[in-house]
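Undergrad: So here's my_file_9.cif, just mmCIF, C-alpha atoms:
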```cif
data_final
#
loop_
_atom_site.label_atom_id
_atom_site.label_comp_id
_atom_site.auth_asym_id
_atom_site.auth_seq_id
_atom_site.Cartn_x
_atom_site.Cartn_y
_atom_site.Cartn_z
CA MET J 4 -18.78 22.63 5.55
CA THR J 5 -19.11 21.68 1.88
CA PRO J 6 -18.62 18.22 0.34
CA GLU J 7 -15.32 19.48 -1.12
CA GLU J 8 -14.05 20.63 2.28
CA PHE J 9 -15.05 17.27 3.74
CA VAL J 10 -12.98 15.41 1.12
CA LYS J 11 -10.07 17.86 1.42
CA ASN J 12 -9.86 17.17 5.16
CA PHE J 13 -9.55 13.44 4.47
CA TYR J 14 -6.80 14.15 1.96
CA LEU J 15 -4.89 16.33 4.43
CA GLU J 16 -5.34 13.75 7.18
CA ARG J 17 -3.70 11.12 4.98
CA LYS J 18 -0.68 13.41 4.41
CA ASN J 19 -0.47 14.25 8.11
CA LEU J 20 -0.58 10.58 9.15
CA VAL J 21 2.27 9.61 6.83
CA ASP J 22 4.43 12.45 8.16
CA LEU J 23 3.50 11.47 11.72
CA TYR J 24 4.39 7.81 11.26
CA LEU J 25 7.76 8.59 9.64
CA SER J 26 8.78 11.26 12.12
CA ALA J 27 11.78 10.17 14.20
CA ASP J 28 10.62 12.44 17.03
CA ASN J 29 7.10 11.04 17.32
CA GLU J 30 5.98 8.62 20.01
CA THR J 31 2.97 6.94 18.38
CA ASP J 32 2.89 3.14 18.35
CA VAL J 33 3.30 3.08 14.57
CA SER J 34 6.25 5.48 14.49
CA LYS J 35 7.97 3.52 17.27
CA LEU J 36 7.61 0.28 15.32
CA ILE J 37 8.98 1.93 12.19
CA GLY J 38 11.90 3.40 14.13
CA GLU J 39 12.79 -0.05 15.49
CA LEU J 40 13.25 -1.29 11.91
CA GLN J 41 16.22 1.07 11.51
CA LEU J 42 15.56 1.49 7.80
CA ASP J 43 18.07 3.16 5.51
CA GLU J 44 17.17 6.15 3.34
CA GLU J 45 15.90 4.14 0.38
CA LYS J 46 13.79 1.72 2.42
CA THR J 47 12.29 4.62 4.39
CA GLU J 48 11.25 6.24 1.12
CA ARG J 49 9.76 2.95 -0.11
CA LEU J 50 7.82 2.71 3.14
CA ARG J 51 6.56 6.27 2.55
CA GLN J 52 5.19 5.10 -0.81
CA ILE J 53 3.51 2.09 0.81
CA LEU J 54 1.89 4.20 3.52
CA ASN J 55 0.74 6.83 1.04
CA GLY J 56 -0.76 4.21 -1.27
CA THR J 57 -2.42 2.24 1.52
CA LEU J 58 -3.98 5.27 3.20
CA ARG J 59 -4.99 6.75 -0.18
CA ASP J 60 -6.87 3.57 -1.09
CA ALA J 61 -8.45 3.28 2.36
CA PHE J 62 -9.62 6.90 2.56
CA TYR J 63 -10.74 7.02 -1.07
CA THR J 64 -12.79 3.82 -0.74
CA THR J 65 -14.32 5.03 2.53
CA LEU J 66 -15.40 8.31 0.95
CA LEU J 67 -16.95 6.50 -2.02
CA GLY J 68 -18.67 4.09 0.37
CA LEU J 69 -20.19 6.93 2.38
CA ASP J 70 -21.50 8.42 -0.86
CA GLY J 71 -23.06 5.11 -1.91
CA SER J 72 -20.60 4.55 -4.78
CA ALA J 73 -18.63 1.62 -3.32
CA LYS J 74 -18.90 -1.16 -0.75
CA ILE J 75 -17.75 -0.76 2.83
CA GLY J 76 -16.98 -4.31 3.82
CA GLU J 77 -19.63 -6.41 2.09
CA ARG J 78 -22.35 -3.79 2.04
CA GLN J 79 -23.09 -0.91 -0.31
CA GLU J 80 -25.68 1.69 0.60
CA THR J 81 -26.11 5.43 0.68
CA TYR J 82 -25.48 7.23 3.96
CA LYS J 83 -26.65 10.67 4.99
CA ILE J 84 -23.95 12.76 6.67
CA GLU J 85 -24.54 16.31 7.88
CA ASP J 86 -22.19 18.85 9.41
CA GLU J 87 -22.96 20.55 12.73
CA ASN J 88 -25.08 23.14 10.93
CA GLY J 89 -27.27 20.57 9.24
CA ASN J 90 -25.69 20.89 5.78
CA GLU J 91 -25.81 17.53 4.01
CA LEU J 92 -22.41 16.40 2.72
CA THR J 93 -23.36 13.13 1.05
CA GLY J 94 -25.59 12.80 -1.98
CA GLY J 95 -23.30 12.47 -4.99
CA GLU J 96 -20.64 15.21 -4.85
CA ILE J 97 -18.16 13.38 -2.62
CA GLU J 98 -17.30 10.82 -5.30
CA SER J 99 -16.12 13.39 -7.86
CA TYR J 100 -14.17 15.45 -5.31
CA ALA J 101 -12.52 12.29 -3.94
CA TRP J 102 -11.25 11.45 -7.40
CA GLU J 103 -9.91 14.98 -7.94
CA TYR J 104 -8.09 15.09 -4.60
CA PHE J 105 -6.79 11.53 -4.32
CA HIS J 106 -6.05 10.79 -7.98
CA ASN J 107 -5.83 14.08 -9.88
CA ASN J 108 -3.66 16.41 -7.73
CA LYS J 109 -6.43 18.91 -6.97
CA PHE J 110 -4.88 20.07 -3.69
CA GLU J 111 -1.56 20.80 -5.41
CA LEU J 112 -3.31 22.52 -8.33
CA ASP J 113 -5.20 24.82 -5.97
CA ASN J 114 -2.24 25.63 -3.70
CA SER J 115 0.92 25.37 -5.78
CA LYS J 116 3.11 28.26 -6.90
CA ALA J 117 4.70 26.04 -9.56
CA ASP J 118 4.14 26.36 -13.30
CA PHE J 119 2.83 22.88 -14.05
CA ILE J 120 2.43 19.37 -12.69
CA ALA J 121 4.13 16.56 -14.58
CA THR J 122 4.73 12.84 -14.39
CA LEU J 123 8.48 12.24 -14.33
CA THR J 124 10.25 9.01 -15.21
CA TYR J 125 13.89 8.80 -14.18
CA LYS J 126 16.25 6.56 -16.12
CA THR J 127 18.00 3.77 -14.27
CA THR J 128 21.73 4.09 -13.68
CA GLU J 129 22.26 1.35 -16.26
CA GLN J 130 20.32 3.41 -18.83
CA GLY J 131 22.62 6.37 -18.26
CA GLY J 132 20.60 8.04 -15.50
CA ARG J 133 21.65 9.32 -12.09
CA LYS J 134 23.70 7.20 -9.73
CA THR J 135 22.01 8.60 -6.62
CA ALA J 136 18.54 9.66 -5.57
CA ALA J 137 17.15 13.10 -6.36
CA LYS J 138 15.95 15.05 -3.33
CA ASN J 139 12.84 17.20 -3.12
CA GLY J 140 13.72 20.60 -4.62
CA TYR J 141 16.13 19.14 -7.20
CA SER J 142 16.52 21.39 -10.27
CA PRO J 143 17.72 19.66 -13.44
CA GLN J 144 17.42 21.25 -16.86
CA VAL J 145 14.13 20.92 -18.76
CA LYS J 146 14.29 20.55 -22.55
CA PHE J 147 11.23 20.60 -24.83
CA ASP J 148 11.39 19.10 -28.33
CA PHE J 149 10.25 22.30 -30.07
CA ASP J 150 13.08 24.50 -28.72
CA GLU J 151 16.83 24.15 -28.32
CA MET J 152 16.84 26.23 -25.15
CA GLN J 153 17.04 24.47 -21.80
CA THR J 154 15.69 25.96 -18.59
CA SER J 155 16.11 25.07 -14.94
CA GLY J 156 13.06 23.24 -13.58
CA GLN J 157 12.74 22.93 -9.81
CA GLN J 158 10.87 19.79 -8.76
CA THR J 159 8.62 19.42 -5.75
CA PHE J 160 7.72 15.75 -5.53
CA ILE J 161 4.12 14.88 -4.66
CA ASP J 162 4.00 12.50 -1.68
CA ARG J 163 7.72 11.81 -1.94
CA GLU J 164 10.94 13.12 -0.44
CA LEU J 165 13.37 11.17 -2.63
CA VAL J 166 13.22 9.74 -6.15
CA PHE J 167 15.61 6.95 -7.09
CA PRO J 168 16.93 6.05 -10.54
CA GLY J 169 14.21 4.11 -12.38
CA ASP J 170 11.33 5.68 -10.39
CA THR J 171 8.23 7.40 -11.75
CA VAL J 172 6.72 10.26 -9.74
CA ASP J 173 4.30 13.18 -10.05
CA ALA J 174 5.93 16.54 -9.30
CA GLU J 175 5.23 20.25 -9.32
CA ILE J 176 7.65 21.96 -11.72
CA LYS J 177 8.71 25.61 -11.52
CA ILE J 178 10.76 26.70 -14.54
CA LEU J 179 13.13 29.65 -14.67
CA SER J 180 12.42 30.94 -18.19
CA VAL J 181 8.66 31.48 -18.05
CA ASP J 182 8.71 34.40 -20.50
CA HIS J 183 10.59 32.38 -23.13
CA PHE J 184 8.01 29.58 -23.02
CA ALA J 185 4.91 31.78 -22.67
CA ASN J 186 1.93 30.54 -24.72
CA ARG J 187 3.90 27.49 -25.91
CA LEU J 188 3.06 24.61 -23.56
CA THR J 189 0.18 22.13 -23.65
CA GLU J 190 -0.96 19.29 -21.44
CA LYS J 191 0.42 15.87 -22.47
CA MET J 192 3.51 17.60 -23.87
CA GLN J 193 6.71 15.62 -23.31
CA PHE J 194 10.10 16.96 -22.24
CA GLU J 195 13.55 15.75 -21.23
CA LEU J 196 15.29 16.09 -17.86
CA ARG J 197 18.98 16.81 -18.29
CA GLU J 198 22.16 17.27 -16.33
CA GLY J 199 24.33 19.10 -18.84
CA VAL J 200 24.18 17.04 -22.05
CA THR J 201 23.11 13.88 -20.22
CA ILE J 202 19.42 12.92 -20.40
CA ILE J 203 18.52 11.52 -16.99
CA GLY J 204 14.78 11.14 -17.51
CA THR J 205 11.63 12.30 -19.24
CA GLY J 206 8.48 14.15 -18.25
CA LEU J 207 4.88 14.48 -19.38
CA ILE J 208 2.85 17.57 -18.49
CA LYS J 209 -0.36 16.60 -16.67
CA GLN J 210 -1.78 19.98 -15.71
CA ILE J 211 -0.62 23.54 -16.39
CA ILE J 212 -0.96 25.86 -13.40
CA ASN J 213 0.58 29.04 -14.81
CA ASN J 214 -1.86 30.19 -17.48
CA LYS J 215 0.86 32.36 -19.03
CA LEU J 216 2.48 29.18 -20.33
CA LYS J 217 -0.63 27.73 -21.97
CA LYS J 218 -0.66 27.58 -25.72
CA ALA J 219 -3.79 29.26 -27.08
CA SER J 220 -6.27 26.78 -28.54
CA ARG J 221 -7.30 27.36 -32.14
#
```
Give the structure from the file, written as structure tokens.

TA:
Amino acid sequence: MTPEEFVKNFYLERKNLVDLYLSADNETDVSKLIGELQLDEEKTERLRQILNGTLRDAFYTTLLGLDGSAKIGERQETYKIEDENGNELTGGEIESYAWEYFHNNKFELDNSKADFIATLTYKTTEQGGRKTAAKNGYSPQVKFDFDEMQTSGQQTFIDRELVFPGDTVDAEIKILSVDHFANRLTEKMQFELREGVTIIGTGLIKQIINNKLKKASR
């Protein structure tokens, strides 16, 4: 095992635990307690955010603590962890991989079939945005400032199932008109989310996955 694989397993365990706790069919103590709350759709999604944030912070801090970069409890020291073959995992690399996986979407970047990852901010209903939540897989139109053409952009929310008016979320975006926008997109580029002529939110490109879309640097 490598330090990256070690961190990746922690990241996947966090995702698995959240799904386990929120599963209506599961019989763990936590999932039973959550089921007894009889939460509606919006409160369940808010709980998903709480669980994701809590476990992210706990796992991330633990990984940094094992690598000697943060305190565990009131004590900070460097630990030596080896896999079953004697390969040392600690020693400095865990910290950087933990940041990439838990705060910079590395798992999605490595495994996504989308075109780019973006931070989306949905308008509130009062601002003219949607009246209902958007579900994972929602495909509004994407409109960039430099072009009048709009293209469908399917959204896969990261660590979310629903996004409510007024929410901000990271999402994988797969656009329909890749050829039209080839060599024209850059990171930190802004765009609009539209339903017809109505602007329901905005986006900011964080990372481009499909290299065909990247604007050549001069």

Undergrad: When the PyMOL selection byres ((chain J and resi 142-158) around 6) is applied to the structure above, which residues does it catch, written out as a ChimeraX atom specification?

TA: /J:140-141,159,174-180,194-198

Undergrad: What is the distance between atom CA of Thr124 of chain J and atom CA of Asp170 of chain J, in Å to one decimal?

TA: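 Going from atom CA of Thr124 of chain J over to atom CA of Asp170 of chain J covers 6.0 Å.
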
Undergrad: Would you list the contacts of Tyr100 of chain J as JSON, numbers by chain, taking every protein, DNA or RNA residue within 12 Å and counting only C-alpha atoms, but skipping same-chain residues closer than 5 positions in sequence?

TA: {"J": [5, 6, 7, 8, 9, 10, 11, 12, 13, 14, 63, 66, 67, 70, 92, 93, 95, 105, 106, 107, 108, 109, 110]}

Undergrad: Between atom CA of Ile97 of chain J and atom CA of Glu80 of chain J, what is the distance in Å, rounded to a tenth?

TA: 14.3 Å

Undergrad: Restricting the calculation to all atoms listed in the file, which member of J:Arg187, J:Lys116, J:Lys35, J:Lys138 is positioned closest to Arg163 of chain J?

TA: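 Smallest separation from Arg163 of chain J among the options: J:Lys138.
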
Undergrad: Calculated over all atoms listed in the file, which of the candidates J:Leu112, J:Glu16, J:Leu36, J:Met4 has the smallest distance to Glu87 of chain J?

TA: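 Closest to Glu87 of chain J, using all atoms listed in the file: J:Met4.
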
Undergrad: For the provided coordinates, the residues matched by the PyMOL selection byres ((chain J and resi 49) around 12) should be stated as a list in words.

TA: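 In the shown coordinates, the PyMOL selection byres ((chain J and resi 49) around 12) covers Leu25, Leu42, Asp43, Glu44, Glu45, Lys46, Thr47, Glu48, Leu50, Arg51, Gln52, Ile53, Leu54, Asn55, Gly56, Asp162, Arg163, Glu164, Leu165, Val166, Phe167 and Asp170 of chain J.
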
Undergrad: Which one is closest to Arg133 of chain J: J:Ile208, J:Ile161, J:Ala121, J:Ile202? Count only C-alpha atoms.

TA: J:Ile202

Undergrad: Choose the residue, out of J:Thr81, J:Asn90, J:Asn114, J:Gln130, that has the smallest atom-to-atom separation from Asn213 of chain J; count all atoms listed in the file.

TA: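 Selected residue with least distance to Asn213 of chain J: J:Asn114.
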
Undergrad: May I ask which of the residues J:Leu40, J:Ile84, J:Ala101, J:Leu188 is the closest one to Ala219 of chain J, counting all atoms listed in the file?

TA: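 For Ala219 of chain J, the nearest of the candidates is J:Leu188.
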
Undergrad: In Å, how far is it from atom CA of Leu207 of chain J to atom CA of Glu190 of chain J?

TA: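 If I compute the distance from atom CA of Leu207 of chain J to atom CA of Glu190 of chain J, I get 7.8 Å.
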
Undergrad: Could you name the residues that touch Gly131 of chain J at 10 Å or less, counting all atoms listed in the file, but leaving out those on the same chain fewer than 3 positions away, as an mmCIF file with C-alpha atoms, keeping the file's coordinate frame?

TA:
```cif
data_model
loop_
_atom_site.group_PDB
_atom_site.id
_atom_site.type_symbol
_atom_site.label_atom_id
_atom_site.label_comp_id
_atom_site.auth_asym_id
_atom_site.auth_seq_id
_atom_site.Cartn_x
_atom_site.Cartn_y
_atom_site.Cartn_z
ATOM 1 C CA TYR J 125 13.890 8.800 -14.180
ATOM 2 C CA LYS J 126 16.250 6.560 -16.120
ATOM 3 C CA THR J 127 18.000 3.770 -14.270
ATOM 4 C CA THR J 128 21.730 4.090 -13.680
ATOM 5 C CA LYS J 134 23.700 7.200 -9.730
ATOM 6 C CA PRO J 168 16.930 6.050 -10.540
ATOM 7 C CA THR J 201 23.110 13.880 -20.220
ATOM 8 C CA ILE J 202 19.420 12.920 -20.400
ATOM 9 C CA ILE J 203 18.520 11.520 -16.990
ATOM 10 C CA GLY J 204 14.780 11.140 -17.510
#
```

Undergrad: Which centre and edge lengths in Å to one decimal define the box along x, y and z that fits every listed atom of segment 155-165 of chain J plus 8 Å per side, as AutoDock Vina command-line options?

TA:
```
--center_x 10.1 --center_y 18.1 --center_z -7.7 --size_x 28.1 --size_y 29.9 --size_z 30.5
```

Undergrad: Would you kindly translate the PyMOL selection byres ((chain J and resi 185) around 10) into the concrete residues it picks from this file, as a PyMOL selection string?

TA: chain J and resi 180-184+186-188+213-218
